[in-house]
$ cat target.cif   # mmCIF, C-alpha atoms and all ligand atoms
data_target
loop_
_atom_site.group_PDB
_atom_site.id
_atom_site.type_symbol
_atom_site.label_atom_id
_atom_site.label_comp_id
_atom_site.auth_asym_id
_atom_site.auth_seq_id
_atom_site.Cartn_x
_atom_site.Cartn_y
_atom_site.Cartn_z
ATOM 1 C CA MET A 1 0.000 0.000 0.000
ATOM 2 C CA LYS A 2 1.497 3.345 -1.001
ATOM 3 C CA LYS A 3 -0.366 5.618 1.412
ATOM 4 C CA VAL A 4 -3.802 6.514 2.693
ATOM 5 C CA ASP A 5 -5.426 8.337 -0.225
ATOM 6 C CA HIS A 6 -8.652 9.353 1.476
ATOM 7 C CA ILE A 7 -11.038 8.776 4.359
ATOM 8 C CA GLY A 8 -14.664 8.280 3.333
ATOM 9 C CA ILE A 9 -17.294 9.930 5.518
ATOM 10 C CA ALA A 10 -21.014 9.254 5.037
ATOM 11 C CA VAL A 11 -23.246 12.315 5.240
ATOM 12 C CA ARG A 12 -26.987 12.758 4.768
ATOM 13 C CA ASP A 13 -26.854 16.139 3.049
ATOM 14 C CA LEU A 14 -23.609 17.159 1.373
ATOM 15 C CA ASN A 15 -24.524 20.821 0.868
ATOM 16 C CA ALA A 16 -25.556 21.110 4.512
ATOM 17 C CA VAL A 17 -22.273 19.773 5.934
ATOM 18 C CA LEU A 18 -19.848 21.497 3.535
ATOM 19 C CA PRO A 19 -19.699 24.806 5.450
ATOM 20 C CA TYR A 20 -18.536 22.908 8.545
ATOM 21 C CA TYR A 21 -15.468 21.714 6.619
ATOM 22 C CA THR A 22 -14.772 24.820 4.548
ATOM 23 C CA ASP A 23 -15.755 27.614 6.960
ATOM 24 C CA THR A 24 -15.573 26.179 10.478
ATOM 25 C CA LEU A 25 -12.540 23.930 9.971
ATOM 26 C CA GLY A 26 -11.163 26.134 7.182
ATOM 27 C CA LEU A 27 -10.231 23.280 4.844
ATOM 28 C CA PRO A 28 -10.256 23.765 1.064
ATOM 29 C CA LEU A 29 -12.949 22.133 -1.073
ATOM 30 C CA MET A 30 -11.170 20.417 -3.973
ATOM 31 C CA LYS A 31 -14.144 19.280 -6.069
ATOM 32 C CA ILE A 32 -17.654 17.865 -6.087
ATOM 33 C CA GLU A 33 -18.415 14.926 -8.358
ATOM 34 C CA GLU A 34 -21.137 12.366 -9.021
ATOM 35 C CA VAL A 35 -19.899 8.778 -9.233
ATOM 36 C CA GLU A 36 -22.685 6.979 -11.077
ATOM 37 C CA SER A 37 -21.231 3.465 -10.670
ATOM 38 C CA GLN A 38 -21.341 3.823 -6.859
ATOM 39 C CA LYS A 39 -24.507 5.946 -6.760
ATOM 40 C CA VAL A 40 -22.788 8.614 -4.669
ATOM 41 C CA ARG A 41 -22.212 12.346 -4.864
ATOM 42 C CA VAL A 42 -18.841 13.132 -3.322
ATOM 43 C CA ALA A 43 -16.945 16.209 -2.186
ATOM 44 C CA PHE A 44 -13.202 16.049 -1.687
ATOM 45 C CA ILE A 45 -11.767 18.143 1.122
ATOM 46 C CA ASP A 46 -8.027 18.823 1.260
ATOM 47 C CA ALA A 47 -6.880 17.868 4.766
ATOM 48 C CA GLY A 48 -3.165 18.252 3.994
ATOM 49 C CA ASN A 49 -1.604 14.794 3.863
ATOM 50 C CA VAL A 50 -4.938 13.062 3.192
ATOM 51 C CA LYS A 51 -8.253 13.852 1.534
ATOM 52 C CA LEU A 52 -11.637 13.585 3.188
ATOM 53 C CA GLU A 53 -14.269 12.133 0.850
ATOM 54 C CA LEU A 54 -17.718 13.267 1.948
ATOM 55 C CA LEU A 55 -20.256 10.823 0.525
ATOM 56 C CA GLU A 56 -23.950 11.452 -0.057
ATOM 57 C CA ALA A 57 -26.248 8.712 -1.430
ATOM 58 C CA MET A 58 -27.769 9.379 -4.866
ATOM 59 C CA ASP A 59 -30.556 6.832 -4.288
ATOM 60 C CA ASP A 60 -31.651 4.019 -1.974
ATOM 61 C CA GLN A 61 -29.500 1.480 -3.873
ATOM 62 C CA SER A 62 -26.333 3.233 -2.746
ATOM 63 C CA ALA A 63 -24.106 1.580 -0.126
ATOM 64 C CA ILE A 64 -24.114 4.972 1.609
ATOM 65 C CA TYR A 65 -27.908 4.968 1.892
ATOM 66 C CA LYS A 66 -27.793 1.584 3.651
ATOM 67 C CA PHE A 67 -24.949 2.686 5.914
ATOM 68 C CA LEU A 68 -26.818 5.839 6.988
ATOM 69 C CA GLU A 69 -29.952 3.801 7.708
ATOM 70 C CA LYS A 70 -28.049 1.335 9.898
ATOM 71 C CA LYS A 71 -25.309 3.382 11.530
ATOM 72 C CA GLY A 72 -25.984 7.029 10.809
ATOM 73 C CA GLU A 73 -23.435 9.623 9.701
ATOM 74 C CA GLY A 74 -19.737 9.018 10.295
ATOM 75 C CA ILE A 75 -16.551 7.388 9.056
ATOM 76 C CA HIS A 76 -17.406 4.907 6.307
ATOM 77 C CA HIS A 77 -14.097 3.671 4.819
ATOM 78 C CA ILE A 78 -10.350 4.188 4.562
ATOM 79 C CA ALA A 79 -8.826 4.136 1.073
ATOM 80 C CA PHE A 80 -5.277 3.032 0.313
ATOM 81 C CA GLY A 81 -3.667 4.382 -2.828
ATOM 82 C CA VAL A 82 -2.104 1.455 -4.701
ATOM 83 C CA GLU A 83 -0.332 0.699 -7.943
ATOM 84 C CA ASN A 84 -1.434 -2.262 -10.021
ATOM 85 C CA ILE A 85 -4.795 -2.743 -8.297
ATOM 86 C CA GLU A 86 -5.684 -6.042 -10.015
ATOM 87 C CA GLN A 87 -2.453 -7.604 -8.768
ATOM 88 C CA ARG A 88 -3.051 -6.316 -5.235
ATOM 89 C CA MET A 89 -6.564 -7.752 -5.321
ATOM 90 C CA GLU A 90 -5.207 -11.132 -6.396
ATOM 91 C CA GLU A 91 -2.557 -11.127 -3.668
ATOM 92 C CA LEU A 92 -5.124 -10.269 -1.000
ATOM 93 C CA ARG A 93 -7.572 -12.869 -2.323
ATOM 94 C CA ASP A 94 -4.796 -15.477 -2.119
ATOM 95 C CA LYS A 95 -4.257 -14.489 1.505
ATOM 96 C CA GLY A 96 -7.917 -15.148 2.280
ATOM 97 C CA VAL A 97 -9.211 -11.575 2.272
ATOM 98 C CA ARG A 98 -12.818 -11.255 1.073
ATOM 99 C CA LEU A 99 -13.090 -8.716 -1.747
ATOM 100 C CA LEU A 100 -16.413 -7.145 -2.646
ATOM 101 C CA SER A 101 -15.903 -7.444 -6.410
ATOM 102 C CA ASP A 102 -13.935 -9.649 -8.788
ATOM 103 C CA LYS A 103 -12.677 -6.660 -10.767
ATOM 104 C CA PRO A 104 -12.008 -3.017 -9.905
ATOM 105 C CA ASN A 105 -14.814 -0.534 -10.617
ATOM 106 C CA PRO A 106 -14.677 3.116 -11.693
ATOM 107 C CA GLY A 107 -14.412 5.484 -8.717
ATOM 108 C CA ALA A 108 -14.066 9.223 -8.293
ATOM 109 C CA GLY A 109 -11.670 11.198 -10.472
ATOM 110 C CA GLY A 110 -11.233 8.376 -12.993
ATOM 111 C CA ALA A 111 -9.622 6.088 -10.407
ATOM 112 C CA MET A 112 -10.271 2.353 -10.298
ATOM 113 C CA VAL A 113 -11.460 1.138 -6.907
ATOM 114 C CA ALA A 114 -12.135 -2.116 -5.043
ATOM 115 C CA PHE A 115 -13.335 -2.801 -1.512
ATOM 116 C CA LEU A 116 -12.339 -5.331 1.158
ATOM 117 C CA HIS A 117 -15.234 -6.713 3.162
ATOM 118 C CA PRO A 118 -15.293 -5.358 6.739
ATOM 119 C CA LYS A 119 -15.896 -8.918 7.979
ATOM 120 C CA SER A 120 -12.421 -9.978 6.826
ATOM 121 C CA SER A 121 -10.800 -6.687 7.911
ATOM 122 C CA ASN A 122 -11.834 -6.699 11.563
ATOM 123 C CA GLY A 123 -14.755 -4.332 11.145
ATOM 124 C CA VAL A 124 -13.126 -1.758 8.848
ATOM 125 C CA LEU A 125 -14.233 -1.227 5.248
ATOM 126 C CA TYR A 126 -11.029 -0.670 3.233
ATOM 127 C CA GLU A 127 -10.833 0.586 -0.330
ATOM 128 C CA LEU A 128 -7.973 0.137 -2.770
ATOM 129 C CA CYS A 129 -7.729 2.911 -5.344
ATOM 130 C CA GLU A 130 -5.470 3.363 -8.311
ATOM 131 C CA LYS A 131 -5.209 6.699 -10.056
ATOM 132 C CA GLU A 132 -4.739 6.491 -13.792
HETATM 133 C C1 LIG B 1 -16.591 6.979 -4.990
HETATM 134 C C2 LIG B 1 -15.698 5.902 -4.431
HETATM 135 C C3 LIG B 1 -14.255 6.433 -4.402
HETATM 136 O O1 LIG B 1 -13.658 6.645 -3.363
HETATM 137 O O2 LIG B 1 -13.747 6.678 -5.533
HETATM 138 C C4 LIG B 1 -16.186 5.437 -3.061
HETATM 139 O O3 LIG B 1 -15.538 5.491 -2.056
HETATM 140 S S1 LIG B 1 -17.777 4.802 -3.093
HETATM 141 C C5 LIG B 1 -18.155 4.354 -1.418
HETATM 142 C C6 LIG B 1 -19.467 3.656 -1.365
HETATM 143 N N1 LIG B 1 -19.367 2.358 -1.954
HETATM 144 C C7 LIG B 1 -19.099 1.215 -1.229
HETATM 145 O O4 LIG B 1 -18.985 1.221 -0.017
HETATM 146 C C8 LIG B 1 -19.026 -0.091 -2.002
HETATM 147 C C9 LIG B 1 -18.602 -1.260 -1.179
HETATM 148 N N2 LIG B 1 -19.498 -1.478 -0.051
HETATM 149 C C10 LIG B 1 -20.407 -2.493 -0.011
HETATM 150 O O5 LIG B 1 -20.469 -3.319 -0.923
HETATM 151 C C11 LIG B 1 -21.319 -2.579 1.165
HETATM 152 O O6 LIG B 1 -21.452 -1.296 1.739
HETATM 153 C C12 LIG B 1 -20.873 -3.576 2.239
HETATM 154 C C13 LIG B 1 -19.550 -3.193 2.871
HETATM 155 C C14 LIG B 1 -20.799 -5.003 1.674
HETATM 156 C C15 LIG B 1 -21.921 -3.561 3.345
HETATM 157 O O7 LIG B 1 -23.150 -3.788 2.769
HETATM 158 P P1 LIG B 1 -24.437 -4.084 3.627
HETATM 159 O O8 LIG B 1 -24.522 -3.134 4.766
HETATM 160 O O9 LIG B 1 -25.597 -4.201 2.699
HETATM 161 O O10 LIG B 1 -24.101 -5.516 4.076
HETATM 162 P P2 LIG B 1 -24.450 -6.196 5.398
HETATM 163 O O11 LIG B 1 -25.655 -5.605 5.990
HETATM 164 O O12 LIG B 1 -24.432 -7.657 5.100
HETATM 165 O O13 LIG B 1 -23.231 -5.808 6.305
HETATM 166 C C16 LIG B 1 -22.262 -6.699 6.597
HETATM 167 C C17 LIG B 1 -21.583 -6.232 7.869
HETATM 168 O O14 LIG B 1 -20.704 -5.154 7.542
HETATM 169 C C18 LIG B 1 -20.966 -4.049 8.382
HETATM 170 N N3 LIG B 1 -20.684 -2.808 7.649
HETATM 171 C C19 LIG B 1 -21.394 -2.298 6.639
HETATM 172 N N4 LIG B 1 -20.823 -1.167 6.194
HETATM 173 C C20 LIG B 1 -19.711 -0.979 6.948
HETATM 174 C C21 LIG B 1 -18.699 0.009 6.975
HETATM 175 N N5 LIG B 1 -18.710 1.022 6.123
HETATM 176 N N6 LIG B 1 -17.701 -0.109 7.867
HETATM 177 C C22 LIG B 1 -17.676 -1.160 8.730
HETATM 178 N N7 LIG B 1 -18.611 -2.121 8.760
HETATM 179 C C23 LIG B 1 -19.619 -2.032 7.878
HETATM 180 C C24 LIG B 1 -22.415 -4.197 8.751
HETATM 181 O O15 LIG B 1 -22.686 -3.505 9.936
HETATM 182 C C25 LIG B 1 -22.526 -5.689 8.924
HETATM 183 O O16 LIG B 1 -22.025 -6.074 10.165
HETATM 184 P P3 LIG B 1 -22.886 -6.917 11.202
HETATM 185 O O17 LIG B 1 -23.268 -8.151 10.435
HETATM 186 O O18 LIG B 1 -21.950 -7.184 12.339
HETATM 187 O O19 LIG B 1 -24.048 -6.047 11.539
HETATM 188 CO CO CO B 2 -13.679 6.169 -1.360
#

$ encode --input "target.cif" --output "structure tokens"
Amino acid sequence: MKKVDHIGIAVRDLNAVLPYYTDTLGLPLMKIEEVESQKVRVAFIDAGNVKLELLEAMDDQSAIYKFLEKKGEGIHHIAFGVENIEQRMEELRDKGVRLLSDKPNPGAGGAMVAFLHPKSSNGVLYELCEKE
């Protein structure tokens, strides 16, 4: 794993929470983007050495919708930046880690992403992401 790329945070209403990050905490907003494949609208906040990915559900099929229903707002996942994501997935699979997809899927900013099931990561949802 190269580094932590971002921390995903589930929010109910992106526009409503943004001022807390930008005005109260004084952190720069990098961009807002809709990621159709994950059914999420995301805002990236520049927190210096790591990004915060604020995630709002686009519909009730979104993983974020289900998370908010069950657990409420809060930290959703930690994303490691990796190179050669398919190889990393294979290595982890060989070591018995449960991956949530066979192949990487398109994520924010043109990255390819894959998730490790929280049940095989001691309760933490991890993401692997590879920037093009
Ligand atoms: C845009 C992109 C990017 O960065 O580029 C993104 O990040 S998209 C980010 C949004 N997309 C994703 O998260 C996609 C991958 N996620 C998923 O496929 C899903 O959310 C799962 C992780 C499989 C959970 O789905 P679901 O809640 O329907 O399954 P489930 O009810 O069977 O839950 C299985 C167990 O995992 C727990 N669980 C669920 N979500 C969790 C989370 N975020 N962190 C830690 N534990 C979690 C549940 O409480 C449950 O534990 P108990 O059984 O003990 O109650
Ligand atoms: Co993410």

$ axis_aligned_box --input "target.cif" --around "region 112-118 of chain A" --padding-each-side "4 Å" --output "lines of an AutoDock Vina configuration file"
center_x = -12.8
center_y = -2.2
center_z = -1.8
size_x = 13.0
size_y = 17.1
size_z = 25.0

$ residues_around --input "target.cif" --residues "region 25-33 of chain A" --least-positions-apart "6" --cutoff "12 Å" --atoms "all atoms listed in the file" --output "list in words"
Leu14, Asn15, Val17, Leu18, Pro19, Lys39, Val40, Arg41, Val42, Ala43, Phe44, Ile45, Asp46, Ala47, Gly48, Val50, Lys51, Leu52, Glu53, Leu54, Leu55, Glu56, Met58, Gly107, Ala108, Gly109 and Gly110 of chain A

$ closest_atom_pairs --input "target.cif" --of "chain A" --to "ligand LIG 1 (chain B)" --cutoff "6 Å" --atoms "all atoms listed in the file" --output "tab-separated table"
residue	atom	partner	partner_atom	distance
A:Val35	CA	B:LIG1	C1	5.7
A:Gln38	CA	B:LIG1	S1	5.3
A:Ala63	CA	B:LIG1	O6	4.3
A:Ile64	CA	B:LIG1	C6	5.7
A:Lys66	CA	B:LIG1	O8	5.8
A:Phe67	CA	B:LIG1	N4	5.7
A:His76	CA	B:LIG1	N5	4.1
A:His77	CA	B:LIG1	N5	5.5
A:Leu100	CA	B:LIG1	O5	5.8
A:Gly107	CA	B:LIG1	O2	3.5
A:Ala108	CA	B:LIG1	O2	3.8
A:Phe115	CA	B:LIG1	C9	5.5
A:His117	CA	B:LIG1	C13	5.6
A:Pro118	CA	B:LIG1	N7	5.1
A:Gly123	CA	B:LIG1	C22	4.9
A:Val124	CA	B:LIG1	C22	4.6
A:Leu125	CA	B:LIG1	N6	4.5

$ closest_residue --input "target.cif" --among "A:Leu128, A:Leu116, A:Leu68, A:Ala57" --to "Ile85 (chain A)" --atoms "only C-alpha atoms"
A:Leu128

$ residues_near_ligand --input "target.cif" --ligand "ligand CO 2 (chain B)" --cutoff "7 Å" --atoms "only C-alpha atoms and all ligand atoms" --output "short mmCIF file (atom, residue, chain, number, x, y, z; two decimals) with C-alpha atoms, in the coordinates of the input"
data_model
loop_
_atom_site.label_atom_id
_atom_site.label_comp_id
_atom_site.auth_asym_id
_atom_site.auth_seq_id
_atom_site.Cartn_x
_atom_site.Cartn_y
_atom_site.Cartn_z
CA HIS A 6 -8.65 9.35 1.48
CA ILE A 7 -11.04 8.78 4.36
CA GLY A 8 -14.66 8.28 3.33
CA GLU A 53 -14.27 12.13 0.85
CA HIS A 77 -14.10 3.67 4.82
CA ALA A 79 -8.83 4.14 1.07
CA GLU A 127 -10.83 0.59 -0.33
#

$ atom_distance --input "target.cif" --atom1 "CA of Val97 (chain A)" --atom2 "CA of Ser120 (chain A)"
5.8 Å

$ atom_distance --input "target.cif" --atom1 "CA of Asp59 (chain A)" --atom2 "CA of Glu73 (chain A)"
15.9 Å

$ atom_distance --input "target.cif" --atom1 "CA of Met89 (chain A)" --atom2 "CA of Cys129 (chain A)"
10.7 Å
